[in-house]
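Shown next: model01.txt, given as compact mmCIF, C-alpha atoms (C1' of nucleotides).
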```txt
# COMPACT_ATOMS: atom_id res chain seq x y z
CA MET A 300 -18.50 -28.72 44.52
CA ARG A 301 -17.07 -30.06 41.27
CA ILE A 302 -15.81 -28.01 38.38
CA GLY A 303 -19.02 -28.20 36.36
CA GLU A 304 -21.14 -26.80 39.14
CA LEU A 305 -18.73 -23.96 39.81
CA ALA A 306 -18.67 -23.21 36.10
CA ASP A 307 -22.47 -23.19 35.88
CA ARG A 308 -22.85 -20.93 38.88
CA LEU A 309 -20.66 -18.27 37.34
CA GLY A 310 -21.58 -18.84 33.74
CA VAL A 311 -18.13 -19.86 32.56
CA ASN A 312 -16.73 -22.88 30.76
CA PRO A 313 -15.04 -25.53 32.93
CA LYS A 314 -12.08 -25.25 30.57
CA THR A 315 -11.76 -21.61 31.56
CA ILE A 316 -11.42 -22.58 35.21
CA ARG A 317 -8.67 -25.07 34.46
CA PHE A 318 -7.03 -22.44 32.31
CA TYR A 319 -7.03 -19.92 35.17
CA GLU A 320 -5.55 -22.57 37.44
CA ALA A 321 -2.77 -23.22 34.95
CA ARG A 322 -2.16 -19.47 34.74
CA GLY A 323 -1.84 -19.31 38.53
CA LEU A 324 -4.95 -17.18 39.04
CA LEU A 325 -6.71 -19.90 40.97
CA PRO A 326 -4.91 -22.08 43.54
CA ASP A 327 -4.59 -25.81 43.01
CA PRO A 328 -7.91 -27.06 44.35
CA ALA A 329 -8.56 -29.94 46.72
CA ARG A 330 -9.29 -33.24 45.02
CA LEU A 331 -11.98 -35.85 45.66
CA PRO A 332 -10.83 -39.47 45.99
CA SER A 333 -11.72 -39.88 42.34
CA GLY A 334 -9.26 -37.18 41.37
CA TYR A 335 -12.00 -34.67 40.53
CA ARG A 336 -11.39 -31.05 41.53
CA ASP A 337 -13.31 -29.99 44.64
CA TYR A 338 -14.11 -26.30 45.11
CA GLY A 339 -15.38 -24.30 48.06
CA PRO A 340 -17.02 -20.89 48.49
CA GLU A 341 -13.71 -19.01 48.59
CA ASP A 342 -12.89 -20.39 45.15
CA GLU A 343 -16.22 -19.15 43.93
CA SER A 344 -15.65 -15.63 45.23
CA ARG A 345 -12.13 -15.58 43.84
CA LEU A 346 -13.41 -16.59 40.43
CA ALA A 347 -16.17 -14.01 40.64
CA PHE A 348 -13.55 -11.40 41.48
CA ILE A 349 -11.54 -12.39 38.41
CA LYS A 350 -14.58 -12.16 36.18
CA THR A 351 -15.58 -8.75 37.53
CA ALA A 352 -12.09 -7.36 37.11
CA GLN A 353 -12.01 -8.75 33.59
CA ARG A 354 -15.30 -7.10 32.78
CA LEU A 355 -13.70 -3.82 33.82
CA GLY A 356 -11.14 -4.40 31.12
CA LEU A 357 -8.21 -5.67 33.20
CA SER A 358 -5.97 -8.28 31.61
CA LEU A 359 -5.34 -11.60 33.31
CA ASP A 360 -1.80 -10.45 34.05
CA GLU A 361 -3.09 -7.36 35.80
CA ILE A 362 -5.59 -9.43 37.76
CA GLY A 363 -2.79 -11.77 38.73
CA GLU A 364 -0.85 -8.79 40.07
CA ILE A 365 -3.81 -7.73 42.17
CA LEU A 366 -4.28 -11.22 43.57
CA ALA A 367 -0.58 -11.35 44.38
CA PHE A 368 -0.96 -8.18 46.46
CA LYS A 369 -3.56 -10.01 48.46
CA GLU A 370 -1.30 -13.01 48.94
CA ARG A 371 1.33 -10.65 50.33
CA GLY A 372 -1.28 -9.13 52.64
CA GLU A 373 -1.09 -5.72 50.94
CA ARG A 374 -3.89 -3.58 49.62
CA PRO A 375 -3.72 -3.29 45.85
CA CYS A 376 -6.04 -0.31 45.58
CA SER A 377 -3.49 2.24 44.41
CA TYR A 378 -2.27 -0.22 41.77
CA VAL A 379 -5.86 -0.85 40.75
CA LEU A 380 -6.49 2.88 40.49
CA SER A 381 -3.56 3.36 38.17
CA VAL A 382 -4.68 0.44 36.02
CA LEU A 383 -8.20 1.83 35.88
CA ALA A 384 -6.91 5.26 34.93
CA ALA A 385 -4.93 3.73 32.08
CA GLN A 386 -8.04 1.79 31.09
CA LEU A 387 -10.06 4.97 31.00
CA SER A 388 -7.76 6.79 28.62
CA ASP A 389 -7.47 3.69 26.46
CA ILE A 390 -11.24 3.46 26.27
CA ASP A 391 -11.50 7.09 25.26
CA ARG A 392 -9.01 6.47 22.50
CA ARG A 393 -10.87 3.40 21.27
CA ILE A 394 -14.22 5.16 21.31
CA GLY A 395 -12.73 7.97 19.26
CA GLU A 396 -11.31 5.50 16.74
CA LEU A 397 -14.60 3.67 16.40
CA VAL A 398 -16.56 6.87 15.96
CA ARG A 399 -14.21 7.99 13.18
CA LEU A 400 -14.42 4.57 11.54
CA ARG A 401 -18.18 4.61 11.81
CA ALA A 402 -18.42 7.93 10.03
CA GLU A 403 -16.18 6.63 7.28
CA LEU A 404 -18.26 3.49 6.82
CA VAL A 405 -21.43 5.53 6.56
CA VAL A 406 -19.89 7.68 3.83
CA LEU A 407 -18.76 4.57 1.96
CA LYS A 408 -22.15 2.95 2.19
CA ASP A 409 -24.00 6.05 1.00
CA ARG A 410 -21.60 6.46 -1.85
CA ALA A 411 -21.81 2.78 -2.78
CA ASP A 412 -25.58 2.91 -3.00
CA GLN A 413 -25.32 5.37 -5.88
CA LEU A 414 -22.09 4.10 -7.39
CA ALA A 415 -21.91 3.43 -11.12
CA THR A 416 -20.86 -0.21 -11.36
CA GLY A 417 -18.72 0.05 -14.46
CA ASP A 418 -15.07 0.36 -13.52
CA ALA A 419 -12.64 -2.54 -13.46
CA CYS A 420 -11.25 -2.91 -9.98
CA TYR A 421 -11.30 -5.36 -7.08
CA CYS A 422 -14.01 -3.29 -5.52
CA GLY A 423 -14.65 0.40 -5.95
CA ILE A 424 -16.03 0.66 -2.46
CA VAL A 425 -12.88 -0.36 -0.68
CA GLU A 426 -10.52 1.15 -3.21
CA HIS A 427 -12.20 4.48 -2.88
CA ALA A 428 -11.85 4.28 0.89
CA GLY A 429 -8.09 4.36 0.48
CA ARG A 430 -8.40 7.82 -0.98
CA ILE A 431 -10.83 9.03 1.67
CA GLY A 432 -9.22 7.78 4.78
CA GLN A 433 -5.51 8.40 4.36
CA ALA A 434 -5.30 10.54 7.46
CA THR A 435 -7.16 8.17 9.76
CA THR A 436 -5.22 6.86 12.72
CA ARG A 437 -4.34 3.23 12.59
CA MET B 76 11.51 -4.79 -5.58
CA ARG B 77 12.45 -6.89 -2.58
CA ILE B 78 10.33 -7.53 0.48
CA GLY B 79 11.91 -4.84 2.62
CA GLU B 80 11.21 -2.09 0.11
CA LEU B 81 7.60 -3.18 -0.36
CA ALA B 82 7.21 -3.28 3.40
CA ASP B 83 8.69 0.21 3.81
CA ARG B 84 6.51 1.68 1.09
CA LEU B 85 3.35 0.54 2.83
CA GLY B 86 4.53 0.84 6.38
CA VAL B 87 4.22 -2.83 7.28
CA ASN B 88 6.58 -5.41 8.68
CA PRO B 89 8.18 -7.80 6.14
CA LYS B 90 6.95 -10.60 8.38
CA THR B 91 3.42 -9.45 7.76
CA ILE B 92 3.89 -9.79 4.01
CA ARG B 93 5.18 -13.35 4.36
CA PHE B 94 2.30 -14.05 6.70
CA TYR B 95 -0.25 -12.83 4.13
CA GLU B 96 1.42 -15.00 1.53
CA ALA B 97 1.14 -18.03 3.79
CA ARG B 98 -2.53 -17.19 4.36
CA GLY B 99 -3.10 -17.06 0.61
CA LEU B 100 -3.90 -13.35 0.50
CA LEU B 101 -0.87 -12.60 -1.63
CA PRO B 102 0.22 -14.86 -4.49
CA ASP B 103 3.57 -16.63 -4.42
CA PRO B 104 5.89 -13.94 -5.72
CA ALA B 105 8.59 -14.23 -8.35
CA ARG B 106 12.04 -14.95 -7.01
CA LEU B 107 15.40 -13.42 -7.82
CA PRO B 108 18.29 -15.80 -8.62
CA SER B 109 19.32 -15.42 -5.00
CA GLY B 110 15.97 -16.78 -3.84
CA TYR B 111 14.79 -13.37 -2.62
CA ARG B 112 11.14 -12.49 -3.21
CA ASP B 113 10.63 -10.05 -6.09
CA TYR B 114 7.53 -7.87 -6.11
CA GLY B 115 5.93 -5.68 -8.76
CA PRO B 116 3.42 -2.83 -8.72
CA GLU B 117 0.41 -5.15 -8.78
CA ASP B 118 1.63 -6.72 -5.54
CA GLU B 119 1.90 -3.28 -4.03
CA SER B 120 -1.66 -2.34 -4.95
CA ARG B 121 -2.97 -5.68 -3.73
CA LEU B 122 -1.25 -5.22 -0.40
CA ALA B 123 -2.55 -1.65 -0.18
CA PHE B 124 -6.03 -2.99 -0.83
CA ILE B 125 -5.67 -5.50 1.99
CA LYS B 126 -4.48 -2.84 4.40
CA THR B 127 -7.31 -0.47 3.51
CA ALA B 128 -9.92 -3.17 3.92
CA GLN B 129 -8.36 -4.12 7.23
CA ARG B 130 -8.50 -0.53 8.40
CA LEU B 131 -12.22 -0.64 7.65
CA GLY B 132 -12.47 -3.49 10.14
CA LEU B 133 -12.64 -6.45 7.78
CA SER B 134 -11.01 -9.66 8.92
CA LEU B 135 -8.36 -11.36 6.82
CA ASP B 136 -10.88 -14.09 6.02
CA GLU B 137 -13.35 -11.55 4.69
CA ILE B 138 -10.64 -9.87 2.67
CA GLY B 139 -9.69 -13.26 1.28
CA GLU B 140 -13.30 -13.74 0.19
CA ILE B 141 -13.27 -10.42 -1.61
CA LEU B 142 -10.02 -11.21 -3.38
CA ALA B 143 -11.43 -14.60 -4.39
CA PHE B 144 -14.35 -12.82 -6.08
CA LYS B 145 -11.83 -10.98 -8.15
CA GLU B 146 -10.01 -14.17 -9.07
CA ARG B 147 -13.32 -15.54 -10.33
CA GLY B 148 -13.87 -12.37 -12.32
CA GLU B 149 -16.90 -11.37 -10.26
CA ARG B 150 -17.60 -8.07 -8.57
CA PRO B 151 -17.64 -8.44 -4.81
CA CYS B 152 -19.41 -5.17 -4.10
CA SER B 153 -22.67 -6.63 -2.81
CA TYR B 154 -20.70 -8.95 -0.55
CA VAL B 155 -18.62 -6.01 0.61
CA LEU B 156 -21.73 -4.01 1.33
CA SER B 157 -23.16 -6.73 3.52
CA VAL B 158 -19.86 -7.06 5.38
CA LEU B 159 -19.71 -3.31 5.87
CA ALA B 160 -23.29 -3.24 7.14
CA ALA B 161 -22.43 -5.94 9.67
CA GLN B 162 -19.34 -3.95 10.62
CA LEU B 163 -21.44 -0.90 11.21
CA SER B 164 -23.84 -2.55 13.62
CA ASP B 165 -20.95 -4.27 15.38
CA ILE B 166 -19.22 -0.93 15.81
CA ASP B 167 -22.37 0.61 17.25
CA ARG B 168 -22.59 -2.23 19.72
CA ARG B 169 -18.95 -1.87 20.73
CA ILE B 170 -19.22 1.89 21.12
CA GLY B 171 -22.24 1.39 23.38
CA GLU B 172 -20.36 -1.15 25.48
CA LEU B 173 -17.36 1.10 25.85
CA VAL B 174 -19.46 4.10 26.79
CA ARG B 175 -21.22 2.07 29.49
CA LEU B 176 -17.91 0.73 30.75
CA ARG B 177 -16.44 4.21 30.77
CA ALA B 178 -19.27 5.52 32.92
CA GLU B 179 -18.80 2.64 35.31
CA LEU B 180 -15.07 3.24 35.59
CA VAL B 181 -15.63 6.92 36.34
CA VAL B 182 -18.03 6.02 39.14
CA LEU B 183 -15.52 3.55 40.56
CA LYS B 184 -12.70 6.03 40.44
CA ASP B 185 -14.71 8.79 42.10
CA ARG B 186 -15.84 6.42 44.76
CA ALA B 187 -12.35 5.05 45.31
CA ASP B 188 -10.94 8.52 45.84
CA GLN B 189 -13.10 8.94 48.93
CA LEU B 190 -13.13 5.32 50.04
CA ALA B 191 -12.38 4.49 53.67
CA THR B 192 -9.48 2.03 53.50
CA GLY B 193 -10.47 -0.18 56.39
CA ASP B 194 -12.25 -3.25 55.12
CA ALA B 195 -10.60 -6.61 54.56
CA CYS B 196 -10.97 -7.55 50.92
CA TYR B 197 -8.84 -8.15 47.84
CA CYS B 198 -9.77 -4.70 46.70
CA GLY B 199 -12.88 -2.75 47.55
CA ILE B 200 -12.79 -1.01 44.20
CA VAL B 201 -13.22 -4.11 42.14
CA GLU B 202 -15.42 -5.93 44.61
CA HIS B 203 -17.80 -3.04 44.71
CA ALA B 204 -18.00 -3.04 40.94
CA GLY B 205 -19.50 -6.51 41.06
CA ARG B 206 -22.47 -5.02 42.85
CA ILE B 207 -22.78 -2.04 40.53
CA GLY B 208 -22.43 -3.64 37.21
CA GLN B 209 -24.42 -6.88 37.33
CA ALA B 210 -26.64 -5.88 34.45
CA THR B 211 -23.85 -4.87 32.10
CA THR B 212 -23.58 -6.83 28.89
CA ARG B 213 -20.62 -9.11 28.67
C1' DG C 239 41.26 -10.26 -0.58
C1' DT C 240 38.43 -9.92 3.19
C1' DA C 241 35.64 -8.16 6.71
C1' DT C 242 31.49 -6.35 8.03
C1' DA C 243 26.98 -4.71 7.67
C1' DG C 244 22.54 -5.14 6.01
C1' DC C 245 19.60 -7.39 3.71
C1' DC C 246 17.20 -11.90 2.82
C1' DT C 247 15.66 -17.14 3.65
C1' DT C 248 13.14 -20.80 6.50
C1' DC C 249 11.94 -22.45 10.94
C1' DC C 250 9.66 -22.61 15.22
C1' DC C 251 7.93 -20.52 19.40
C1' DC C 252 5.46 -16.52 21.90
C1' DT C 253 1.51 -13.58 22.63
C1' DT C 254 -4.29 -13.25 24.78
C1' DG C 255 -8.01 -15.70 26.41
C1' DC C 256 -9.61 -19.14 25.85
C1' DT C 257 -12.08 -23.47 23.04
C1' DG C 258 -12.17 -28.07 20.95
C1' DG C 259 -10.96 -32.75 20.63
C1' DA C 260 -8.80 -37.28 21.78
C1' DA C 261 -8.20 -40.97 24.95
C1' DG C 262 -9.38 -42.55 29.05
C1' DG C 263 -11.35 -42.76 34.29
C1' DT C 264 -15.62 -42.38 37.59
C1' DC C 265 -20.18 -42.71 39.02
C1' DA C 266 -25.33 -43.07 39.28
C1' DA C 267 -29.44 -44.78 37.02
C1' DG C 268 -31.97 -48.12 34.39
C1' DC D 52 -24.11 -54.43 32.23
C1' DT D 53 -24.42 -50.66 29.70
C1' DT D 54 -25.34 -46.03 28.81
C1' DG D 55 -24.63 -41.25 29.62
C1' DA D 56 -22.96 -37.52 31.98
C1' DC D 57 -19.47 -36.09 34.23
C1' DC D 58 -14.45 -35.74 35.05
C1' DT D 59 -9.05 -36.22 34.03
C1' DT D 60 -4.84 -35.18 31.12
C1' DC D 61 -2.53 -33.50 27.09
C1' DC D 62 -2.25 -31.60 22.36
C1' DA D 63 -3.62 -28.30 18.90
C1' DG D 64 -5.61 -24.29 17.25
C1' DC D 65 -8.18 -19.39 16.41
C1' DA D 66 -6.66 -13.91 15.11
C1' DA D 67 -2.80 -11.40 13.38
C1' DG D 68 1.18 -11.26 13.53
C1' DG D 69 6.17 -10.48 16.44
C1' DG D 70 10.74 -12.25 17.99
C1' DG D 71 14.66 -14.47 17.31
C1' DA D 72 17.82 -18.44 15.64
C1' DA D 73 20.73 -20.21 12.08
C1' DG D 74 22.24 -19.56 7.81
C1' DG D 75 22.74 -17.41 2.70
C1' DC D 76 23.57 -13.25 -0.48
C1' DT D 77 25.85 -9.04 -1.81
C1' DA D 78 27.69 -4.30 -1.78
C1' DT D 79 30.85 -1.39 0.18
C1' DA D 80 35.10 -0.18 2.90
C1' DC D 81 39.66 -1.06 3.95
```

Could you write out this structure as C-alpha cells?
Amino acid sequence: MRIGELADRLGVNPKTIRFYEARGLLPDPARLPSGYRDYGPEDESRLAFIKTAQRLGLSLDEIGEILAFKERGERPCSYVLSVLAAQLSDIDRRIGELVRLRAELVVLKDRADQLATGDACYCGIVEHAGRIGQATTR
Amino acid sequence: MRIGELADRLGVNPKTIRFYEARGLLPDPARLPSGYRDYGPEDESRLAFIKTAQRLGLSLDEIGEILAFKERGERPCSYVLSVLAAQLSDIDRRIGELVRLRAELVVLKDRADQLATGDACYCGIVEHAGRIGQATTR
DNA sequence: GTATAGCCTTCCCCTTGCTGGAAGGTCAAG
DNA sequence: CTTGACCTTCCAGCAAGGGGAAGGCTATAC
C-alpha cells in the first residue's frame, strides 16, 4: 500500500511517516516502479506500535531504543518497565503542578470578578498573582 | 544594570532576556558606551510580569497581546480573564488525560510484573496497551 | 605593563514532534 | 489532453529557549 493509505489507516499524516523514516524508527520501505513508497502489514504494525508507545508518553528516542532491542533480538521489557516507572512519577508531578495552578487560577478569577478597576498597572489580575504565587514550583 | 544582573535577580538565563527582546516582549534597552545592554527598574518589573504570566500558563504570544494593550493605554483585564478561563478548561482537560494515562500505566505495570515472558513480540507490555487503551483520547 | 578571568556582543545551530509549502513526477478518469 | 489526486524531494518554521563559537570590554592581580 502507498503512504496515503497507511496514513489513513492509522490516522496519521503522511508527513509523519516520512519523518519517522528519517528518524530511523521505520525502515526504508520498498518502492514501486514510480518511486512511491510501498508498505506492507509489518510496517503497519510497527507504526501502530510506535503510536501506542507514544500515547503512553514515551519519547521517539525511547521508542527507538525499544525497537533497537528488537533488532538485536532482545526483549526490551525491563527497559520499558523502567521507562514506564519514570513516566509514572513524572505524571504524578505534572498532575500536582496542574492542580496547584488550577487552584491559583480559580482564586485569581474570583478575585478579578470583584476587583475595583481603578489602579494604574498592566493588569491587576496578573500583577496580583505575583504576590500570591511566589512559593509555587516552576 | 547589565543583563547578567537582571537575569540573576529574576532567576532567568541572559539568553532568555535577549530572546524576549527579539520577540518584541521587551523594548530595545539603552546601551552603555561599551555596547552592553543597560536595564532599569521598569525593565525588571516588565520581565517579572512576563514570568508571572508565563507561570500562569499564558503563551508568549498571549503575553505580548497583554503588553500591547498597555502600550495602547487600554486595560487588558477582560482579555486576560478570557485567556485565564480558556487556561482553566485546558488544565482540566489535561489533568483528566493524565489521570486516565496514569491509571493505564499502573495496570500495565502490574500486569507486566506477572507476565509470562514467552511470546515473540517487540514488547508485550506496549503491545498489550494497544488493546487496552483504544478508547483513550489522543 | 600584562595576563587572566569574567563579563558582554552577535551569530548560527540544536532540541521535540511534527506541519506547511514549493517545485516537480505519476497515474487514472473524463 | 487536461484536470485532480496522489506522490517525490528539499527547505523552513512553530514553542521557548539552550549551547557554543568568535570576538570585545574591563577590573583585578602580579

Residues of chain D within 10 Å of chain A, using only C-alpha atoms (C1' of nucleotides), as an mmCIF file with C-alpha atoms (C1' of nucleotides), in the coordinates of the input?
```
data_model
loop_
_atom_site.group_PDB
_atom_site.id
_atom_site.type_symbol
_atom_site.label_atom_id
_atom_site.label_comp_id
_atom_site.auth_asym_id
_atom_site.auth_seq_id
_atom_site.Cartn_x
_atom_site.Cartn_y
_atom_site.Cartn_z
ATOM 1 C "C1'" DC D 57 -19.470 -36.090 34.230
ATOM 2 C "C1'" DC D 58 -14.450 -35.740 35.050
ATOM 3 C "C1'" DT D 59 -9.050 -36.220 34.030
#
```

Report task. Would you mind telling me which residue in A:Leu404, A:Asp360, A:Leu355, A:Leu346 lies nearest to chain C when using only C-alpha atoms (C1' of nucleotides)? Result -> A:Asp360

Report task. Just the residues within 12 Å of DC65 in chain D, please, counting only C-alpha atoms (C1' of nucleotides), with nothing from its chain fewer than 3 positions along; format it as an MDAnalysis selection string. Result -> (chainID B and resid 136) or (chainID C and resid 254:258)

Query - Test item: chain C residues at most 9 Å from chain B, counting all atoms listed in the file, as number ranges by chain - result: C: 245-247

Report task. Have a look at B:Arg98, B:Arg84, B:Lys184, B:Arg168 and name the one nearest to chain A; count only C-alpha atoms. Result ->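 Among the listed residues, the smallest separation from chain A belongs to B:Lys184.
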
Report task. Rank nothing, just name the residue among B:Arg175, B:Lys145, B:Arg121, B:Arg93 nearest to chain A, using all atoms listed in the file. Result ->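 Closest residue, counting all atoms listed in the file: B:Lys145.
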
Requested in this report: Would you kindly return, as a list of chain:residue names, each protein, DNA or RNA residue with an atom no farther than 9 Å from any atom of Gly132 in chain B, considering all atoms listed in the file and excluding same-chain residues fewer than 2 positions away?
Outcome: A:Leu400, B:Thr127, B:Ala128, B:Gln129, B:Arg130, B:Ser134, B:Leu159, B:Gln162

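Atom pair CA of Ile316 in chain A / CA of Ile362 in chain A has a distance of 14.6 Å (rounded to one decimal).
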
Query raised in the report: Around (-8.7, 9.4, 32.9) in the file's frame, which residues reach within 12 Å when counting all atoms listed in the file? Return as a ChimeraX atom specification?
Result: /A:380-392 /B:177-178,180-185

Query raised in the report: So how far away is C1' of DA73 in chain D from CA of Ala105 in chain B, in Å?
Result: 24.5 Å

Report task. Compute the distance from (35.9, -5.9, 4.2) to each atom, counting all atoms listed in the file, keep the residues with any atom at most 12 Å away, and return them as a count of residues only; use the coordinates of the file. Result -> 9

All file atoms of range 395-406 of chain A boxed axis-aligned, 8 Å per side, centre plus edges, as lines of an AutoDock Vina configuration file:
```
center_x = -16.4
center_y = 5.7
center_z = 11.5
size_x = 26.1
size_y = 20.5
size_z = 31.4
```

Query raised in the report: Which residue out of B:Pro108, B:Glu140, B:Asp83, B:Ala123 has the minimum interatomic distance to chain A when all atoms listed in the file are used?
Result: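 Selected residue with least distance to chain A: B:Ala123.
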
Report summary line: Of B:Glu117, B:Glu137, B:Glu179, B:Asp103, the one sitting nearest chain A when using all atoms listed in the file is B:Glu179

Query raised in the report: Could you pull the residues within 12 Å of DA261 in chain C, counting all atoms listed in the file, minus those fewer than 3 positions along the same chain, as a list of chain:residue names?
Result: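 Everything that qualifies: D:DT59, D:DT60, D:DC61, D:DC62.
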
Requested in this report: Find the distance between CA of Pro328 in chain A and CA of Gly310 in chain A and write it in Å to one decimal.
Outcome: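 Computed distance, CA of Pro328 in chain A to CA of Gly310 in chain A, equals 19.2 Å.
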
Report task. Find the spatial neighbours of Leu81 in chain B, counting all atoms listed in the file, within a cut-off of 10 Å - ignore same-chain residues fewer than 6 positions away - and output them as a list in words. Result ->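 That gives Val87, Asn88, Pro89, Ile92, Asp113, Tyr114, Gly115, Pro116, Asp118, Glu119 and Leu122 of chain B.
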
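Across B:Ala82, B:Gly139, B:Leu101, B:Leu173, the tightest approach to chain A is made by B:Leu173 when counting only C-alpha atoms.
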